[in-house]
Amino acid sequence: MSARRANLETVSTTRKDLPGRLLRLLSLLQSRREWSGRELAERLGVTDRTVRRDVDRLRALDYPVDSATGTTGGYRLTSGKNVPPLLLDDNEAIAVAIGLATGASGSVTGIEDSSMSALAKLEQVLPARLRPRLAALSVATAAVPHRDTPPVDPTVLAVLAACCRDQEILAFDYRSRGGESSARRVEPHNLVTNQGFWYMLAFDPDRQDWRTFRVDRIDGPSPTHRHFTPRELPAPDAASYLTESFATAPYRYTARVTVQLPAETVRAGLFASIPGSIESDSTDECTVRLSAETAELVIQYVAAIAALGADFALDAAEEIAGRVRELGRRLAG
């Protein structure tokens, strides 16, 4: 076979695969912030020159793809005038649909109508094989709304999420529990929800430590366009770190409950959202340290421990101890 004929057959095959390859290229560009030309060529099984041509074809279809030359160059999908179609695999499509279905009872301002509208559009284009899964999950799941939790601005959440994803330093003003405001500049790591509240876990270089920020207290978040190398989280995951930080935070009300049960039994029997640290020096007894901003929450946590059915001793201020005794009398009567 001549070199010219072989080249023509290669071009023919490349053109034949063009629609599917463009979709795969678009999916790759949507999956992370930036790709080098060599990475894309290896993933698609084509040459660097073909990648450049395919990128030009995406641009002709109004997909805003930026490119840069040099050793640090690459391709990335940027924001444009319109929202481009997203390519989702089966699990991603179901996850998005479930999130939209439960979004109406969430704590994000103005999300109810937008969630229902987006869900209707997604259900319309879902492949037939996915519809039974979505229908089963929609029937079997429900979300209980969290009352008395401050709503958060979805545009703020979007900025925070993007900076977490892109490992971009974030600047913002933050209001503490006492109402004091301070300018912060952090390395955002994760967004976590707990009991209806949104929190951002980040490393604060000025304080050289990890910090947790409640999202409804964040004002004017602004990406700095400066990137950072992620640090190792001092916990198995972001949710675990949040729970541990709640347990050790200096809240207004605290209590110590010594329970006649092994630490593992108590840990397994408590709700994960209860912010308590558990200490133990024996195999049949442990002490739970509880802390919260209100006495009512501490009393609820003590009641949850009492519900485990073991003897316990409470060490707390009379404001809490007295109300726990009164609660016990009412339950006994």
# chains A, B, ... in the order shown; residues from 1 in each chain; ligands from 1
$ select_by_dssp --residues "region 95-268 of chain A" --states "strand (DSSP E or B)" --output "PyMOL selection string"
chain A and resi 108+152+168-175+181-194+197-204+209-214+218-227+253-259
$ write_last_selection --atoms "C-alpha atoms" --output "compact mmCIF listing (two decimals), in the first residue's frame"
# COMPACT_ATOMS: atom_id res chain seq x y z
CA VAL A 108 -30.64 27.98 48.50
CA VAL A 152 -27.59 31.24 50.77
CA GLU A 168 -7.93 29.01 42.95
CA ILE A 169 -7.23 31.34 45.88
CA LEU A 170 -10.42 33.09 47.03
CA ALA A 171 -10.85 36.52 48.64
CA PHE A 172 -13.97 37.57 50.56
CA ASP A 173 -15.31 39.39 53.62
CA TYR A 174 -16.47 37.20 56.50
CA ARG A 175 -18.81 37.91 59.42
CA SER A 181 -16.19 41.48 59.77
CA SER A 182 -12.75 40.61 58.44
CA ALA A 183 -11.12 40.32 55.02
CA ARG A 184 -10.02 36.77 54.25
CA ARG A 185 -7.87 35.21 51.54
CA VAL A 186 -7.91 31.41 51.57
CA GLU A 187 -7.28 28.19 49.65
CA PRO A 188 -10.77 26.65 49.31
CA HIS A 189 -10.99 22.88 49.64
CA ASN A 190 -14.62 21.70 49.88
CA LEU A 191 -18.24 22.72 50.34
CA VAL A 192 -20.15 20.70 52.96
CA THR A 193 -23.79 20.84 54.10
CA ASN A 194 -24.84 20.07 57.66
CA PHE A 197 -26.27 25.05 56.66
CA TRP A 198 -23.60 25.34 53.97
CA TYR A 199 -19.94 25.46 55.03
CA MET A 200 -16.69 25.99 53.13
CA LEU A 201 -13.57 24.21 54.33
CA ALA A 202 -10.38 26.10 53.43
CA PHE A 203 -6.76 26.60 54.43
CA ASP A 204 -5.98 30.13 55.63
CA ASP A 209 -4.33 26.60 59.69
CA TRP A 210 -7.54 25.10 58.34
CA ARG A 211 -10.73 27.09 58.84
CA THR A 212 -14.46 26.44 58.38
CA PHE A 213 -16.61 29.28 57.02
CA ARG A 214 -20.41 29.38 57.05
CA ILE A 218 -19.49 35.16 53.29
CA ASP A 219 -19.79 38.48 51.40
CA GLY A 220 -18.34 39.46 48.05
CA PRO A 221 -16.39 36.29 47.17
CA SER A 222 -13.85 37.09 44.46
CA PRO A 223 -11.55 34.66 42.61
CA THR A 224 -7.96 35.95 42.52
CA HIS A 225 -6.90 34.00 39.38
CA ARG A 226 -3.97 32.68 41.42
CA HIS A 227 -3.75 28.94 41.90
CA TYR A 253 -22.72 26.10 75.94
CA THR A 254 -20.86 22.87 76.71
CA ALA A 255 -21.52 19.63 78.54
CA ARG A 256 -19.68 16.41 79.31
CA VAL A 257 -21.63 13.16 79.42
CA THR A 258 -20.00 10.01 80.83
CA VAL A 259 -21.78 6.96 79.44
$ residues_around --residues "Ser67 (chain A)" --least-positions-apart "3" --cutoff "10 Å" --atoms "only C-alpha atoms" --output "list in words"
Glu34, Trp35, Ser36, Gly37, Arg52, Val55, Pro64, Gly73, Gly74, Tyr75, Arg76 and Leu77 of chain A
$ atom_distance --atom1 "CA of Gly196 (chain A)" --atom2 "CA of Glu293 (chain A)"
15.8 Å
$ residues_around --residues "Thr287 (chain A)" --least-positions-apart "3" --cutoff "10 Å" --atoms "only C-alpha atoms" --output "list in words"
Arg256, Val257, Thr258, Val259, Gln260, Leu261, Pro262, Ala263, Val266, Gly276, Ser277, Ile278, Glu279, Ser280, Asp281, Leu290, Phe312, Ala313 and Leu314 of chain A
